[in-house]
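Here's the structure, in structure tokens; my notes come after.
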2 protein chains.
Amino acid sequence: MNSDVKAIEFYFDLSSPYGYIGAQGIESVASRHGREVNWLPILLGPILKQTGHRPLAQVPLMGEYSLHDIERCCRRLKIDFVLPDPFPIPTVTAARACYWLQQQNPEAAKQLALALYHAYFAENHNISRTPVVLEICRQQGLDEEALEAALTGQELKDRLRQATADAMAKGVFGSPFFIVDGEPFWGADRLRDLDRWLETGGW
Amino acid sequence: MNSDVKAIEFYFDLSSPYGYIGAQGIESVASRHGREVNWLPILLGPILKQTGHRPLAQVPLMGEYSLHDIERCCRRLKIDFVLPDPFPIPTVTAARACYWLQQQNPEAAKQLALALYHAYFAENHNISRTPVVLEICRQQGLDEEALEAALTGQELKDRLRQATADAMAKGVFGSPFFIVDGEPFWGADRLRDLDRWLETGGW
């Protein structure tokens, strides 16, 4: 990896199905072009509150289409998917767990994000619940007691709040959202364009 | 063309930039698979009113991103584009003109839709104004006086209202929107999936 080359910023909410799809593909696109990826879980709730947008699932017609489209995308990409119940959920604890691990081991934090996504969207485990998040961490070989203690601290709360605010300041309004050298790409289906953008140097 | 094979339904608002982009590509995708395309101008206004969604341009952050994305898509596809002013506009008259011509000559009606799109998104002509629509029709070699008379009649008003209502009844909530054998695809960027869908017979 060339350390002069900036990492791709990958913003996602752990309750976002398109974020789940984007998470399966971003590393392979990035590595084709010698790029690192900075995984940044955010909370869409506060962002949608500011933009006045509603979660996809709550918009008539669009909500039904989106579910159909998500299932179709997952079939095409051979990604396991079951619509979880409840959906959507608050992902505060899950996202904080990712930041807790990121400070120690960024690579392991990516694996944890993928494990949380899989638990929710492929196994229908409610990752808004702290015991569920802790159990997934345990399965990943992590120190769940240390995490449990950290989750109650101010530092992780501030970290996630700041990450969400920073994302909004950069124009992030949805999930997944990728930024490559300042160039924004919104949506899992934009990974193809992002790939081409890196290949051609932009257009 | 195989007359047993259903036409692709192509729904679009003439004030929709992504509809403009979709209109440049749909015929070549369809013809690759021996399909006809049924061009169906609709009014997004009444649809957004029902779904409670707002036009892209009015959503904070998303509006700015969308403009950037539209310009980027047009550069990639080598489509002329300037953000028109005013934008968006009501396209009642322009859409009625398309239905007027469709009754006589569906192929010419497609060319008219493309000419209207080009006038608005490449030349910044305000196609919400009746004289502008009439002038474009004149340039297409059409009988502008006959159109002017028809535009005041109830038949065209009903035709467009019905087209928009039929679209909503089929789940259409945005522009462009394509339906292939009952399968819905929303967005200009979904043309690639639509192409693949026709090639593989679905997945």
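So you can find residues: chains in the structure tokens are A, B, ... in the order shown, residues in each start at 1, and ligands are numbered from 1 in order.
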Residue list (strand (DSSP E or B), DSSP) for stretch 6-130 of chain B, as a ChimeraX atom specification: /B:8-12,37-41
Restricting it to N, CA, C and O atoms, dump the selection as a PDB file, in the first residue's frame.
```
ATOM      1  N   ILE B   8     -41.373  -2.866 -22.862  1.00  0.00           N
ATOM      2  CA  ILE B   8     -40.869  -2.300 -21.608  1.00  0.00           C
ATOM      3  C   ILE B   8     -41.631  -1.008 -21.345  1.00  0.00           C
ATOM      4  O   ILE B   8     -41.772  -0.169 -22.240  1.00  0.00           O
ATOM      5  N   GLU B   9     -42.159  -0.855 -20.141  1.00  0.00           N
ATOM      6  CA  GLU B   9     -42.825   0.396 -19.773  1.00  0.00           C
ATOM      7  C   GLU B   9     -41.777   1.354 -19.211  1.00  0.00           C
ATOM      8  O   GLU B   9     -41.050   1.005 -18.287  1.00  0.00           O
ATOM      9  N   PHE B  10     -41.726   2.537 -19.774  1.00  0.00           N
ATOM     10  CA  PHE B  10     -40.750   3.548 -19.359  1.00  0.00           C
ATOM     11  C   PHE B  10     -41.506   4.790 -18.887  1.00  0.00           C
ATOM     12  O   PHE B  10     -42.088   5.517 -19.678  1.00  0.00           O
ATOM     13  N   TYR B  11     -41.513   4.991 -17.571  1.00  0.00           N
ATOM     14  CA  TYR B  11     -42.202   6.128 -16.955  1.00  0.00           C
ATOM     15  C   TYR B  11     -41.183   7.224 -16.648  1.00  0.00           C
ATOM     16  O   TYR B  11     -40.111   6.938 -16.106  1.00  0.00           O
ATOM     17  N   PHE B  12     -41.532   8.452 -16.980  1.00  0.00           N
ATOM     18  CA  PHE B  12     -40.597   9.559 -16.754  1.00  0.00           C
ATOM     19  C   PHE B  12     -41.348  10.872 -16.642  1.00  0.00           C
ATOM     20  O   PHE B  12     -42.398  11.054 -17.233  1.00  0.00           O
ATOM     21  N   VAL B  37     -40.346  -0.293 -26.537  1.00  0.00           N
ATOM     22  CA  VAL B  37     -40.463   0.511 -25.321  1.00  0.00           C
ATOM     23  C   VAL B  37     -41.710   1.383 -25.423  1.00  0.00           C
ATOM     24  O   VAL B  37     -41.937   2.036 -26.443  1.00  0.00           O
ATOM     25  N   ASN B  38     -42.497   1.349 -24.383  1.00  0.00           N
ATOM     26  CA  ASN B  38     -43.679   2.205 -24.297  1.00  0.00           C
ATOM     27  C   ASN B  38     -43.326   3.426 -23.452  1.00  0.00           C
ATOM     28  O   ASN B  38     -43.155   3.311 -22.237  1.00  0.00           O
ATOM     29  N   TRP B  39     -43.164   4.589 -24.101  1.00  0.00           N
ATOM     30  CA  TRP B  39     -42.749   5.809 -23.396  1.00  0.00           C
ATOM     31  C   TRP B  39     -43.964   6.461 -22.748  1.00  0.00           C
ATOM     32  O   TRP B  39     -44.902   6.870 -23.448  1.00  0.00           O
ATOM     33  N   LEU B  40     -43.930   6.597 -21.430  1.00  0.00           N
ATOM     34  CA  LEU B  40     -45.088   7.084 -20.687  1.00  0.00           C
ATOM     35  C   LEU B  40     -44.730   8.279 -19.802  1.00  0.00           C
ATOM     36  O   LEU B  40     -44.327   8.101 -18.638  1.00  0.00           O
ATOM     37  N   PRO B  41     -44.860   9.497 -20.339  1.00  0.00           N
ATOM     38  CA  PRO B  41     -44.610  10.670 -19.503  1.00  0.00           C
ATOM     39  C   PRO B  41     -45.631  10.723 -18.364  1.00  0.00           C
ATOM     40  O   PRO B  41     -46.820  10.443 -18.585  1.00  0.00           O
TER      41      PRO B  41
END
```
Within 8 Å of stretch 53-70 of chain A using only C-alpha atoms, minus same-chain residues under 4 positions, as a list in words: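 Residues meeting the cut-off are Pro17, Tyr18, Leu48, Lys49 and Cys74 of chain A; Thr51, Gly52, His53, Val59, Gly171, Val172, Phe173 and Pro184 of chain B.
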For the residues in the current selection, export all heavy atoms as a compact mmCIF listing (two decimals), in the first residue's frame.
```
# COMPACT_ATOMS: atom_id res chain seq x y z
N PRO A 17 -29.75 -1.89 5.02
CA PRO A 17 -29.55 -3.07 4.15
C PRO A 17 -28.58 -2.77 3.00
O PRO A 17 -27.76 -3.60 2.65
CB PRO A 17 -30.94 -3.36 3.60
CG PRO A 17 -31.90 -2.61 4.46
CD PRO A 17 -31.16 -1.47 5.06
N TYR A 18 -28.69 -1.57 2.42
CA TYR A 18 -27.76 -1.24 1.34
C TYR A 18 -26.34 -1.06 1.89
O TYR A 18 -25.36 -1.31 1.20
CB TYR A 18 -28.22 0.01 0.58
CG TYR A 18 -29.45 -0.22 -0.29
CD1 TYR A 18 -30.66 0.39 -0.02
CD2 TYR A 18 -29.38 -1.06 -1.40
CE1 TYR A 18 -31.78 0.19 -0.82
CE2 TYR A 18 -30.48 -1.28 -2.22
CZ TYR A 18 -31.69 -0.65 -1.92
OH TYR A 18 -32.79 -0.86 -2.71
N LEU A 48 -31.10 11.93 9.24
CA LEU A 48 -32.42 12.03 8.59
C LEU A 48 -33.26 13.10 9.27
O LEU A 48 -34.06 13.79 8.63
CB LEU A 48 -33.14 10.68 8.60
CG LEU A 48 -32.47 9.56 7.78
CD1 LEU A 48 -33.26 8.26 7.91
CD2 LEU A 48 -32.33 9.94 6.31
N LYS A 49 -33.07 13.24 10.57
CA LYS A 49 -33.80 14.28 11.31
C LYS A 49 -33.45 15.65 10.75
O LYS A 49 -34.32 16.52 10.59
CB LYS A 49 -33.41 14.20 12.79
CG LYS A 49 -34.52 14.57 13.74
CD LYS A 49 -34.13 14.16 15.15
CE LYS A 49 -35.28 14.37 16.12
NZ LYS A 49 -34.93 13.89 17.46
N CYS A 74 -29.23 -8.80 -3.49
CA CYS A 74 -28.57 -9.85 -2.72
C CYS A 74 -28.54 -11.17 -3.49
O CYS A 74 -27.54 -11.88 -3.47
CB CYS A 74 -29.25 -10.03 -1.36
SG CYS A 74 -28.87 -8.68 -0.21
N THR B 51 -46.85 10.19 -1.73
CA THR B 51 -45.86 9.43 -0.96
C THR B 51 -45.26 10.28 0.15
O THR B 51 -44.60 9.76 1.04
CB THR B 51 -44.71 8.93 -1.86
OG1 THR B 51 -44.05 10.05 -2.47
CG2 THR B 51 -45.22 8.02 -2.97
N GLY B 52 -45.47 11.60 0.09
CA GLY B 52 -44.91 12.47 1.12
C GLY B 52 -43.43 12.74 0.91
O GLY B 52 -42.77 13.30 1.78
N HIS B 53 -42.90 12.30 -0.23
CA HIS B 53 -41.50 12.56 -0.54
C HIS B 53 -41.35 13.96 -1.11
O HIS B 53 -42.31 14.53 -1.61
CB HIS B 53 -41.01 11.53 -1.57
CG HIS B 53 -39.78 10.83 -1.12
ND1 HIS B 53 -38.71 10.61 -1.93
CD2 HIS B 53 -39.46 10.29 0.06
CE1 HIS B 53 -37.78 9.97 -1.27
NE2 HIS B 53 -38.20 9.75 -0.06
N VAL B 59 -34.15 18.46 -0.87
CA VAL B 59 -33.67 17.76 0.31
C VAL B 59 -32.24 18.22 0.61
O VAL B 59 -31.38 18.13 -0.26
CB VAL B 59 -33.71 16.23 0.11
CG1 VAL B 59 -33.21 15.50 1.35
CG2 VAL B 59 -35.11 15.77 -0.26
N GLY B 171 -47.06 1.02 -8.73
CA GLY B 171 -45.96 1.16 -7.77
C GLY B 171 -44.92 2.18 -8.18
O GLY B 171 -43.89 2.30 -7.51
N VAL B 172 -45.17 2.92 -9.25
CA VAL B 172 -44.19 3.92 -9.70
C VAL B 172 -44.19 5.11 -8.74
O VAL B 172 -45.24 5.67 -8.45
CB VAL B 172 -44.53 4.41 -11.14
CG1 VAL B 172 -43.61 5.55 -11.55
CG2 VAL B 172 -44.44 3.25 -12.12
N PHE B 173 -43.00 5.46 -8.23
CA PHE B 173 -42.89 6.57 -7.27
C PHE B 173 -41.78 7.54 -7.62
O PHE B 173 -41.52 8.50 -6.88
CB PHE B 173 -42.65 6.02 -5.86
CG PHE B 173 -41.42 5.16 -5.78
CD1 PHE B 173 -40.17 5.72 -5.61
CD2 PHE B 173 -41.51 3.78 -5.93
CE1 PHE B 173 -39.04 4.93 -5.57
CE2 PHE B 173 -40.37 2.98 -5.90
CZ PHE B 173 -39.14 3.56 -5.71
N PRO B 184 -39.97 -4.29 -11.58
CA PRO B 184 -39.73 -2.85 -11.53
C PRO B 184 -38.24 -2.49 -11.37
O PRO B 184 -37.52 -3.15 -10.62
CB PRO B 184 -40.49 -2.44 -10.26
CG PRO B 184 -40.40 -3.63 -9.37
CD PRO B 184 -40.33 -4.85 -10.26
```
Residues of stretch 72-196 of chain A in helix (DSSP H, G or I), written as a VMD selection string: chain A and resid 72 to 77 92 to 104 106 to 121 130 to 139 144 to 151 154 to 169 188 to 196
Distance of atom CA of A:Leu194 from atom CA of A:Arg32, expressed in Å to one decimal place: 11.6 Å
Within 12 Å of A:Ser31 using only C-alpha atoms, minus same-chain residues under 5 positions, as a PyMOL selection string: chain A and resi 1-2+7-8+25-26+36-37+195+198-199
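You can rank A:Arg76, A:Arg35, A:Gly182, A:Asp13 by their closest distance to B:Arg196 using only C-alpha atoms, and at the top of that list sits A:Arg76.
Residue nearest B:Leu83 within the list B:Arg161, B:His33, B:His125, B:Lys110: B:His125 [criterion: smallest interatomic distance, only C-alpha atoms].
Atom to atom, atom CA of B:Gly201 and atom CA of B:Ala167 stand 23.8 Å apart.
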Polymer residues at most 9 Å from A:Ile89, only C-alpha atoms, same-chain spacing of 6 or more positions, as a VMD selection string: chain A and resid 14 to 15 126 to 128
B:Trp186 surroundings by only C-alpha atoms, 8 Å radius, close-in-sequence under 4 positions cut, as a PyMOL selection string: chain B and resi 174-178+190
Would you write out those residues with N, CA, C and O atoms, as a CSV table (one decimal), in the first residue's frame?
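Dumped everything to again-v6.csv:
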```
chain,number,residue,atom,x,y,z
B,174,GLY,N,-41.1,7.3,-8.7
B,174,GLY,CA,-40.0,8.1,-9.1
B,174,GLY,C,-39.7,8.1,-10.6
B,174,GLY,O,-40.4,7.4,-11.3
B,175,SER,N,-38.7,8.8,-11.0
B,175,SER,CA,-38.4,8.9,-12.5
B,175,SER,C,-36.9,8.9,-12.7
B,175,SER,O,-36.2,9.6,-12.0
B,176,PRO,N,-36.4,8.1,-13.6
B,176,PRO,CA,-37.2,7.2,-14.5
B,176,PRO,C,-37.5,5.9,-13.7
B,176,PRO,O,-36.9,5.5,-12.8
B,177,PHE,N,-38.6,5.2,-14.2
B,177,PHE,CA,-39.0,4.0,-13.6
B,177,PHE,C,-39.3,3.1,-14.8
B,177,PHE,O,-40.1,3.4,-15.7
B,178,PHE,N,-38.8,1.9,-14.8
B,178,PHE,CA,-39.0,0.9,-15.9
B,178,PHE,C,-39.7,-0.3,-15.3
B,178,PHE,O,-39.4,-0.8,-14.2
B,190,ARG,N,-30.2,1.9,-12.9
B,190,ARG,CA,-30.7,0.5,-13.0
B,190,ARG,C,-30.8,0.0,-14.4
B,190,ARG,O,-31.2,-1.2,-14.6
```
Near-B:Asp143 list (12 Å; only C-alpha atoms; drop same-chain fewer than 5 positions) as a list in words: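 In the requested form, the answer reads Ala97, Trp100, Leu101, Gln104, Leu134, Glu135, Ile136, Cys137, Arg138, Glu148, Ala149 and Ala150 of chain B.
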Selection above as a file: N, CA, C and O atoms, as a PDB file, in the first residue's frame:
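Saved as again08.pdb:
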```pdb
ATOM      1  N   ALA B  97     -48.436  17.094 -24.813  1.00  0.00           N
ATOM      2  CA  ALA B  97     -48.027  17.121 -26.222  1.00  0.00           C
ATOM      3  C   ALA B  97     -47.535  15.741 -26.660  1.00  0.00           C
ATOM      4  O   ALA B  97     -47.825  15.286 -27.780  1.00  0.00           O
ATOM      5  N   TRP B 100     -50.539  13.527 -27.167  1.00  0.00           N
ATOM      6  CA  TRP B 100     -51.229  13.946 -28.395  1.00  0.00           C
ATOM      7  C   TRP B 100     -50.587  13.271 -29.605  1.00  0.00           C
ATOM      8  O   TRP B 100     -51.269  12.688 -30.451  1.00  0.00           O
ATOM      9  N   LEU B 101     -49.249  13.290 -29.636  1.00  0.00           N
ATOM     10  CA  LEU B 101     -48.540  12.726 -30.781  1.00  0.00           C
ATOM     11  C   LEU B 101     -48.549  11.200 -30.752  1.00  0.00           C
ATOM     12  O   LEU B 101     -48.583  10.546 -31.797  1.00  0.00           O
ATOM     13  N   GLN B 104     -51.062   9.426 -32.754  1.00  0.00           N
ATOM     14  CA  GLN B 104     -50.876   9.445 -34.202  1.00  0.00           C
ATOM     15  C   GLN B 104     -49.652   8.654 -34.632  1.00  0.00           C
ATOM     16  O   GLN B 104     -49.670   7.958 -35.653  1.00  0.00           O
ATOM     17  N   LEU B 134     -44.710  24.490 -28.212  1.00  0.00           N
ATOM     18  CA  LEU B 134     -45.218  24.594 -29.593  1.00  0.00           C
ATOM     19  C   LEU B 134     -44.065  24.803 -30.579  1.00  0.00           C
ATOM     20  O   LEU B 134     -44.040  24.203 -31.661  1.00  0.00           O
ATOM     21  N   GLU B 135     -43.103  25.607 -30.194  1.00  0.00           N
ATOM     22  CA  GLU B 135     -41.961  25.870 -31.074  1.00  0.00           C
ATOM     23  C   GLU B 135     -41.134  24.596 -31.296  1.00  0.00           C
ATOM     24  O   GLU B 135     -40.692  24.307 -32.415  1.00  0.00           O
ATOM     25  N   ILE B 136     -40.950  23.833 -30.240  1.00  0.00           N
ATOM     26  CA  ILE B 136     -40.206  22.568 -30.375  1.00  0.00           C
ATOM     27  C   ILE B 136     -40.971  21.620 -31.303  1.00  0.00           C
ATOM     28  O   ILE B 136     -40.377  20.943 -32.152  1.00  0.00           O
ATOM     29  N   CYS B 137     -42.284  21.590 -31.170  1.00  0.00           N
ATOM     30  CA  CYS B 137     -43.114  20.738 -32.043  1.00  0.00           C
ATOM     31  C   CYS B 137     -42.982  21.201 -33.502  1.00  0.00           C
ATOM     32  O   CYS B 137     -42.889  20.375 -34.411  1.00  0.00           O
ATOM     33  N   ARG B 138     -42.968  22.508 -33.688  1.00  0.00           N
ATOM     34  CA  ARG B 138     -42.824  23.045 -35.044  1.00  0.00           C
ATOM     35  C   ARG B 138     -41.490  22.588 -35.644  1.00  0.00           C
ATOM     36  O   ARG B 138     -41.418  22.159 -36.794  1.00  0.00           O
ATOM     37  N   GLU B 148     -52.037  22.932 -30.488  1.00  0.00           N
ATOM     38  CA  GLU B 148     -52.512  24.029 -29.636  1.00  0.00           C
ATOM     39  C   GLU B 148     -53.997  23.860 -29.330  1.00  0.00           C
ATOM     40  O   GLU B 148     -54.431  24.048 -28.177  1.00  0.00           O
ATOM     41  N   ALA B 149     -54.750  23.471 -30.333  1.00  0.00           N
ATOM     42  CA  ALA B 149     -56.183  23.240 -30.129  1.00  0.00           C
ATOM     43  C   ALA B 149     -56.419  22.048 -29.195  1.00  0.00           C
ATOM     44  O   ALA B 149     -57.240  22.100 -28.278  1.00  0.00           O
ATOM     45  N   ALA B 150     -55.659  20.979 -29.429  1.00  0.00           N
ATOM     46  CA  ALA B 150     -55.852  19.757 -28.630  1.00  0.00           C
ATOM     47  C   ALA B 150     -55.501  19.985 -27.161  1.00  0.00           C
ATOM     48  O   ALA B 150     -56.105  19.386 -26.261  1.00  0.00           O
TER      49      ALA B 150
END
```
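Atom CA of B:Arg129 lies 7.6 Å from atom CA of B:Thr93.
Minimum atom-to-atom distances from A:Val29, A:Ala23, A:Leu151, A:Ile47 to A:Tyr117 were compared using only C-alpha atoms, and the lowest value belongs to A:Ala23.
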For A:Ile79: contacts at 9 Å, only C-alpha atoms, fewer than 4 positions along chain excluded, given as a ChimeraX atom specification: /A:21,24,73-75,122
Dump of all heavy atoms for the selected residues, as a PDB file, in the first residue's frame:
```pdb
ATOM      1  N   ILE A  21     -24.968  -4.480   1.983  1.00  0.00           N
ATOM      2  CA  ILE A  21     -24.533  -4.902   0.644  1.00  0.00           C
ATOM      3  C   ILE A  21     -23.200  -4.223   0.291  1.00  0.00           C
ATOM      4  O   ILE A  21     -22.269  -4.871  -0.185  1.00  0.00           O
ATOM      5  CB  ILE A  21     -25.617  -4.567  -0.411  1.00  0.00           C
ATOM      6  CG1 ILE A  21     -26.880  -5.396  -0.142  1.00  0.00           C
ATOM      7  CG2 ILE A  21     -25.097  -4.814  -1.825  1.00  0.00           C
ATOM      8  CD1 ILE A  21     -28.090  -4.993  -0.993  1.00  0.00           C
ATOM      9  N   GLN A  24     -20.015  -5.716   1.758  1.00  0.00           N
ATOM     10  CA  GLN A  24     -19.490  -6.966   1.169  1.00  0.00           C
ATOM     11  C   GLN A  24     -18.528  -6.678   0.021  1.00  0.00           C
ATOM     12  O   GLN A  24     -17.704  -7.525  -0.323  1.00  0.00           O
ATOM     13  CB  GLN A  24     -20.621  -7.860   0.634  1.00  0.00           C
ATOM     14  CG  GLN A  24     -21.831  -8.015   1.536  1.00  0.00           C
ATOM     15  CD  GLN A  24     -21.491  -8.564   2.906  1.00  0.00           C
ATOM     16  OE1 GLN A  24     -20.748  -9.537   3.028  1.00  0.00           O
ATOM     17  NE2 GLN A  24     -22.016  -7.926   3.945  1.00  0.00           N
ATOM     18  N   CYS A  73     -30.889  -7.501  -5.355  1.00  0.00           N
ATOM     19  CA  CYS A  73     -29.438  -7.235  -5.331  1.00  0.00           C
ATOM     20  C   CYS A  73     -28.696  -8.367  -4.626  1.00  0.00           C
ATOM     21  O   CYS A  73     -27.653  -8.818  -5.083  1.00  0.00           O
ATOM     22  CB  CYS A  73     -29.132  -5.929  -4.595  1.00  0.00           C
ATOM     23  SG  CYS A  73     -29.528  -4.446  -5.517  1.00  0.00           S
ATOM     24  N   CYS A  74     -29.232  -8.802  -3.494  1.00  0.00           N
ATOM     25  CA  CYS A  74     -28.566  -9.853  -2.718  1.00  0.00           C
ATOM     26  C   CYS A  74     -28.539 -11.172  -3.492  1.00  0.00           C
ATOM     27  O   CYS A  74     -27.536 -11.883  -3.473  1.00  0.00           O
ATOM     28  CB  CYS A  74     -29.245 -10.033  -1.359  1.00  0.00           C
ATOM     29  SG  CYS A  74     -28.873  -8.684  -0.215  1.00  0.00           S
ATOM     30  N   ARG A  75     -29.635 -11.464  -4.207  1.00  0.00           N
ATOM     31  CA  ARG A  75     -29.625 -12.686  -5.032  1.00  0.00           C
ATOM     32  C   ARG A  75     -28.540 -12.592  -6.100  1.00  0.00           C
ATOM     33  O   ARG A  75     -27.791 -13.525  -6.328  1.00  0.00           O
ATOM     34  CB  ARG A  75     -30.991 -12.901  -5.695  1.00  0.00           C
ATOM     35  CG  ARG A  75     -32.078 -13.395  -4.753  1.00  0.00           C
ATOM     36  CD  ARG A  75     -33.238 -14.057  -5.532  1.00  0.00           C
ATOM     37  NE  ARG A  75     -33.778 -13.199  -6.583  1.00  0.00           N
ATOM     38  CZ  ARG A  75     -34.722 -12.269  -6.411  1.00  0.00           C
ATOM     39  NH1 ARG A  75     -35.222 -12.055  -5.213  1.00  0.00           N
ATOM     40  NH2 ARG A  75     -35.158 -11.548  -7.427  1.00  0.00           N
ATOM     41  N   ALA A 122     -28.660 -11.578   8.030  1.00  0.00           N
ATOM     42  CA  ALA A 122     -28.699 -12.960   7.535  1.00  0.00           C
ATOM     43  C   ALA A 122     -29.262 -13.907   8.587  1.00  0.00           C
ATOM     44  O   ALA A 122     -29.808 -14.956   8.262  1.00  0.00           O
ATOM     45  CB  ALA A 122     -27.303 -13.418   7.107  1.00  0.00           C
TER      46      ALA A 122
END
```
